[in-house]
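S.K.: For reference, the structure I am asking about is given below.
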Amino acid sequence: MNSPFTPTQLSISVSEALALERQSTDELLSTAAALRDAGHGQLISYSRKVFIPLTQLCRDVCHYCTFAQTPSRLEKLYMTPEDVLAVARAGAQAGCREALFTLGDKPELRYESARQALAELGYRSTHEYLMAMAKLVHEETGLLPHLNPGVMTSEELQAAREVSVSQGIMLESSSDRLCAKGGPHYGSPDKKPALRLACIEDAGKLAIPFTTGILIGIGETRRERLEALLALRELHQRYGHIQEIIVQNFCAKQGTLMADTPDLPLEELLWTIAATRIIFGEEMNIQTPPNLNEGVLAQLIAAGINDWGGVSPVTPDFVNPEKPWPELEQLARYTADAGKLLVERLAVYPAYTKDVSAWQTPTMAKSVRRAMDSDGLARCDDWSPGIGSAPVWPSDTGGWQSAPPVAGSAIKVSIARALRGERLCEEEIATLFRARGGEFTEICKAADELRKQVCGDRVGYVVNRNINYTNLCKHACTFCAFSKGKTDEDLRGKPYVLGLDEVAERTREAWQRGATEVCMQGGIHPDYTGDTYLNICRAVKAAVPEMHIHAFSPLEISQGAMTLGLSVSDYLAQLKDVGLASLPGTAAEILDDEVRAVICRDKVNTREWLDVIESAHNQGLRTTSTIMFGHMENPQHWARHLLHIRDLQERTGGITEFVPLPFVHMEAPIYRRGMARRGPTFREAVLMHAIARLVFHSVLTNIQVSWVKMGEEGVRACLQAGVNDVGGTLMNESISRAAGAKHGQEMKPAMMENLIRSAGRQAYQRSTLYGLVENSAVENSSGGNDSANSQLIASA
């Protein structure tokens, strides 16, 4: 199993680590904070969880614990399935994504009553019952289970892997001394360090994202803490599976044998956090519970943590019931006061979502993908492209999630370079795509100011008709719900082929309704040749000689040329001769062959797509450019795609506009098979438009938003984030509809102009190539309401 972390992040030697014992807290803090910032930037994460204490029975008798109870003190020895589901459903309704199962260790080995209770429930062991309840919660509520049942065998870990996304056990300490008589773990067989380390190692062998950590202030020394951390680091270096280290401070509880033991001094907690960060490096997730440290959260951040752990809006901390969770709004404010931004994660950390199939079973991987955004953090609203629900602005989740970007941050530098028209590098662009909070706002603001500077307040649209002449296709693109092949009978719509007479008739209808363009694309029909596309152009021109033909993706061009034995350039020349006027830059999807191998492996590759577009430009044919994003790719791939487009545009200048096409997931095969996310989040979709404006500055003027994908609210948002065009009225949009989009098949010119004006902008009807259209065409399309264009023509 390849670790999500690189060796350079774990480079401090054992002797150097042990030498930290002699260093003061002040000597460690700045180093630890710098490491944390290098790995996690301004983000501090938490998991919104519901706590399910399946049983408080335990065979261990830790001297500081109030969670474990004897049977006589419990009304129910185990939560019933109904109890479990009631708590889980309340958590799901409150927006939780994690179901944390915490319970005592193997109580049936100590209590006959536990064995009887399990038998009445129909189970032989606590572990077997836990597996059933985790499966039930996941299937009924969609919550992602995280399991903390204590020491498990390899077989038990494997069984738990089938029903959870992560597991955990606190090492607490690697010191056998604490298990001796008089120690806090005396009489607790499951607290033996060797047993716990073996369990953690077995989890590594099974590729289980694993949570562990140390409990400090229970009688251990600083050196023993360091030795425990090094033992965990050794396992992590071997297997790469430890997703977080918890540094938990002891808090004395009444009614325990350690009730009179002083709480751990704050300085010792800060020293230990800093030492943990230095030992594990920049990318490890280090957590300290906020409810155990009220009033000093900023100091914990300064010591190097990057995570608050699970916080529940529904259930108490059953392990520390005297310490209530902070309110999330309050936690976010404390985090912002420390110069950081609170973000929500899943039970499995982002690093383990990059290659999610390696770390999860297929069932759990499917659930993780559907719950995550492109960074592997939690998807925090229900918006998806095309579904019709109102989007939630990142700042609308309470305002408290906004935090100003750090002065002089990398994002500020990148924005400044983009505004000067400089070419940003891949890493700079990927970093822009990860912006949240105040940085998100700053990017959108910069993009909108740049739009105003370059394009003014005019927003263009074109009156056009989509003619998708067939949905039969020999290719098997995994994102496509439009094309019909051998395995697609259950998807929307029936296979069809439009004859040339029907194409001509739809062209005439479009012209009569004021359309100036027909946009024509279709599946790669197995019987189509290059002559097919030539004849389609001839049919359109015979019907309406004045109609602008905007048609044929690079895939269709490539296929047509091949069937006729022509070069792409020669075939484009023939198409131009029969009336082709411009090409849609579709079939680009993601211009990265790593992604294309998954979503469109038998399509043109990145180089071939770019070559077709460049050949079109060399023939004097303008093209658009697109990106289809939000499925299984990540911001690094988006950055590469944008740079391919920019570099091509710098060579040819032939691209008229860039059109982000958010992935519509509902009926897409790749989503139905559990291999894709639910499209981009609203934040990601808006950012794509804003960042495109910045990246393409000085080489490409027009950034277009797809109203079919984004909906009216999404269009308004993008018009505040660098967009100056809303595309076509369409008349017969069918590709997004086939994927499940609900935003309609046509937006009439009057509706389009009302939408643009509602965003405080000036609408105008344009041609395909961004010229002004004649008044007669405007009158046909708008029923005579042509005042906006008349004013623009008069001033041109």
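Identifiers for the structure tokens are assigned positionally: chains receive A, B, ... in sequence, residues are indexed from 1 per chain, and ligands are indexed from 1 in the order shown.
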Can you pull out the residues contacting Arg766 of chain A? Cut-off 6 Å, using only C-alpha atoms, and skip same-chain residues under 3 positions away; I want them as a list of chain:residue names.
M.R.: A:Gly460, A:Tyr461, A:Val462, A:Tyr770, A:Gly771, A:Leu772, A:Val773
S.K.: With all heavy atoms retained, could you export that selection as a compact mmCIF listing (two decimals), in the first residue's frame?
M.R.:
```
# COMPACT_ATOMS: atom_id res chain seq x y z
N GLY A 460 -23.53 38.94 -23.23
CA GLY A 460 -24.05 38.47 -24.50
C GLY A 460 -24.77 37.14 -24.42
O GLY A 460 -24.58 36.36 -23.48
N TYR A 461 -25.63 36.89 -25.41
CA TYR A 461 -26.25 35.59 -25.60
C TYR A 461 -26.52 35.44 -27.08
O TYR A 461 -26.60 36.43 -27.83
CB TYR A 461 -27.54 35.44 -24.79
CG TYR A 461 -28.68 36.30 -25.28
CD1 TYR A 461 -29.62 35.80 -26.18
CD2 TYR A 461 -28.82 37.61 -24.83
CE1 TYR A 461 -30.67 36.59 -26.63
CE2 TYR A 461 -29.86 38.41 -25.28
CZ TYR A 461 -30.78 37.90 -26.18
OH TYR A 461 -31.81 38.68 -26.63
N VAL A 462 -26.65 34.21 -27.53
CA VAL A 462 -26.92 33.94 -28.93
C VAL A 462 -28.22 33.15 -29.03
O VAL A 462 -28.48 32.26 -28.21
CB VAL A 462 -25.75 33.17 -29.59
CG1 VAL A 462 -25.54 31.81 -28.94
CG2 VAL A 462 -25.98 33.00 -31.09
N TYR A 770 -19.38 36.60 -31.80
CA TYR A 770 -19.38 37.76 -30.90
C TYR A 770 -19.49 39.09 -31.63
O TYR A 770 -19.06 40.11 -31.12
CB TYR A 770 -18.16 37.72 -29.96
CG TYR A 770 -18.35 36.69 -28.87
CD1 TYR A 770 -18.11 35.34 -29.13
CD2 TYR A 770 -18.83 37.05 -27.62
CE1 TYR A 770 -18.33 34.38 -28.16
CE2 TYR A 770 -19.04 36.09 -26.63
CZ TYR A 770 -18.79 34.76 -26.91
OH TYR A 770 -19.02 33.80 -25.95
N GLY A 771 -20.14 39.06 -32.79
CA GLY A 771 -20.52 40.30 -33.42
C GLY A 771 -21.96 40.64 -33.04
O GLY A 771 -22.67 39.81 -32.45
N LEU A 772 -22.38 41.85 -33.34
CA LEU A 772 -23.78 42.23 -33.12
C LEU A 772 -24.63 41.70 -34.27
O LEU A 772 -24.21 41.68 -35.42
CB LEU A 772 -23.90 43.75 -33.04
CG LEU A 772 -23.27 44.40 -31.80
CD1 LEU A 772 -23.30 45.92 -31.94
CD2 LEU A 772 -24.01 43.97 -30.54
N VAL A 773 -25.84 41.26 -33.95
CA VAL A 773 -26.72 40.73 -34.99
C VAL A 773 -27.57 41.86 -35.57
O VAL A 773 -27.75 42.91 -34.94
CB VAL A 773 -27.63 39.61 -34.44
CG1 VAL A 773 -26.80 38.46 -33.92
CG2 VAL A 773 -28.54 40.14 -33.35
```
S.K.: Taking the chain letters and numbering used in this document, name the residues of segment 421-577 of chain A that DSSP puts in alpha helix (DSSP H), as a ChimeraX atom specification.
M.R.: /A:426-433,437-455,500-512,530-543,554-564,568-577
S.K.: If you keep C-alpha atoms, can you produce a file of those selected residues as a short mmCIF file (atom, residue, chain, number, x, y, z; two decimals), in the first residue's frame?
M.R.:
```cif
data_model
loop_
_atom_site.label_atom_id
_atom_site.label_comp_id
_atom_site.auth_asym_id
_atom_site.auth_seq_id
_atom_site.Cartn_x
_atom_site.Cartn_y
_atom_site.Cartn_z
CA GLU A 426 -0.04 24.33 -12.63
CA GLU A 427 0.50 24.43 -8.87
CA GLU A 428 -0.61 28.05 -8.62
CA ILE A 429 -3.85 27.31 -10.44
CA ALA A 430 -4.53 24.18 -8.37
CA THR A 431 -4.05 26.26 -5.22
CA LEU A 432 -6.58 28.81 -6.49
CA PHE A 433 -9.10 26.02 -6.97
CA GLY A 437 -13.74 31.47 2.82
CA GLY A 438 -12.21 34.87 2.29
CA GLU A 439 -9.83 33.58 -0.36
CA PHE A 440 -12.78 32.34 -2.43
CA THR A 441 -14.37 35.78 -2.14
CA GLU A 442 -11.14 37.49 -3.12
CA ILE A 443 -10.75 35.38 -6.27
CA CYS A 444 -14.34 36.05 -7.37
CA LYS A 445 -13.93 39.75 -6.70
CA ALA A 446 -10.71 39.94 -8.70
CA ALA A 447 -12.27 38.01 -11.59
CA ASP A 448 -15.32 40.26 -11.64
CA GLU A 449 -13.25 43.44 -11.60
CA LEU A 450 -11.16 42.04 -14.45
CA ARG A 451 -14.34 41.20 -16.39
CA LYS A 452 -15.56 44.77 -15.99
CA GLN A 453 -12.22 46.11 -17.14
CA VAL A 454 -12.07 43.86 -20.23
CA CYS A 455 -15.73 43.44 -21.21
CA LEU A 500 -31.46 15.20 -43.49
CA ASP A 501 -35.00 16.39 -44.16
CA GLU A 502 -35.63 16.67 -40.42
CA VAL A 503 -32.36 18.55 -39.92
CA ALA A 504 -33.38 20.97 -42.66
CA GLU A 505 -36.87 21.44 -41.23
CA ARG A 506 -35.51 22.18 -37.73
CA THR A 507 -33.13 24.69 -39.28
CA ARG A 508 -35.98 26.51 -41.04
CA GLU A 509 -38.03 26.55 -37.81
CA ALA A 510 -35.07 27.97 -35.94
CA TRP A 511 -34.55 30.73 -38.50
CA GLN A 512 -38.23 31.68 -38.38
CA GLY A 530 -17.16 11.96 -43.16
CA ASP A 531 -19.72 12.28 -45.95
CA THR A 532 -22.49 12.24 -43.33
CA TYR A 533 -21.25 15.47 -41.77
CA LEU A 534 -20.70 17.06 -45.19
CA ASN A 535 -24.28 16.23 -46.15
CA ILE A 536 -25.63 17.65 -42.89
CA CYS A 537 -23.94 20.96 -43.66
CA ARG A 538 -25.31 20.92 -47.19
CA ALA A 539 -28.84 20.27 -45.88
CA VAL A 540 -28.65 23.23 -43.47
CA LYS A 541 -27.33 25.60 -46.10
CA ALA A 542 -29.94 24.49 -48.62
CA ALA A 543 -32.67 25.19 -46.08
CA PRO A 554 -13.05 17.29 -32.51
CA LEU A 555 -14.06 13.65 -32.05
CA GLU A 556 -16.52 13.86 -34.96
CA ILE A 557 -13.96 15.69 -37.09
CA SER A 558 -11.32 13.07 -36.36
CA GLN A 559 -13.70 10.20 -37.08
CA GLY A 560 -15.01 11.81 -40.28
CA ALA A 561 -11.52 12.41 -41.64
CA MET A 562 -10.45 8.86 -40.85
CA THR A 563 -13.41 7.29 -42.66
CA LEU A 564 -12.57 9.24 -45.82
CA VAL A 568 -7.88 16.42 -40.42
CA SER A 569 -6.80 19.62 -42.11
CA ASP A 570 -8.04 18.52 -45.55
CA TYR A 571 -11.33 17.31 -44.13
CA LEU A 572 -11.89 20.59 -42.30
CA ALA A 573 -11.29 22.41 -45.58
CA GLN A 574 -14.05 20.34 -47.20
CA LEU A 575 -16.44 21.07 -44.34
CA LYS A 576 -15.68 24.76 -44.58
CA ASP A 577 -16.42 24.67 -48.29
#
```
S.K.: Here is a test: counting only C-alpha atoms, which residue of A:Leu610, A:Met710, A:Val247, A:Leu144 is nearest to Leu648 of chain A?
M.R.: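 Of A:Leu610, A:Met710, A:Val247, A:Leu144, the one nearest Leu648 of chain A, counting only C-alpha atoms, is A:Leu610.
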S.K.: So which one's closest to Leu206 of chain A, A:Thr361, A:Val348, A:Trp308, A:Val87? Using only C-alpha atoms, please.
M.R.: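 Closest residue, counting only C-alpha atoms: A:Thr361.
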S.K.: Can you work out which one of A:Gln762, A:Thr529, A:Gln704, A:Gln636 has the shortest atom-to-atom distance to Gly456 of chain A, counting only C-alpha atoms?
M.R.: A:Gln762
S.K.: Select, from A:Asp202, A:Lys191, A:Ser615, A:Ser767, the residue with the minimum atom-to-atom distance to His550 of chain A, counting only C-alpha atoms.
M.R.: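 With only C-alpha atoms as the atom set, the closest residue is A:Ser767.
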S.K.: According to DSSP computed on the backbone, where in segment 129-372 of chain A is there strand (DSSP E or B)? Give the residues as a ChimeraX atom specification.
M.R.: /A:144-148,166-168,172,210-216,242-249,285-287,307-311,341-345,372
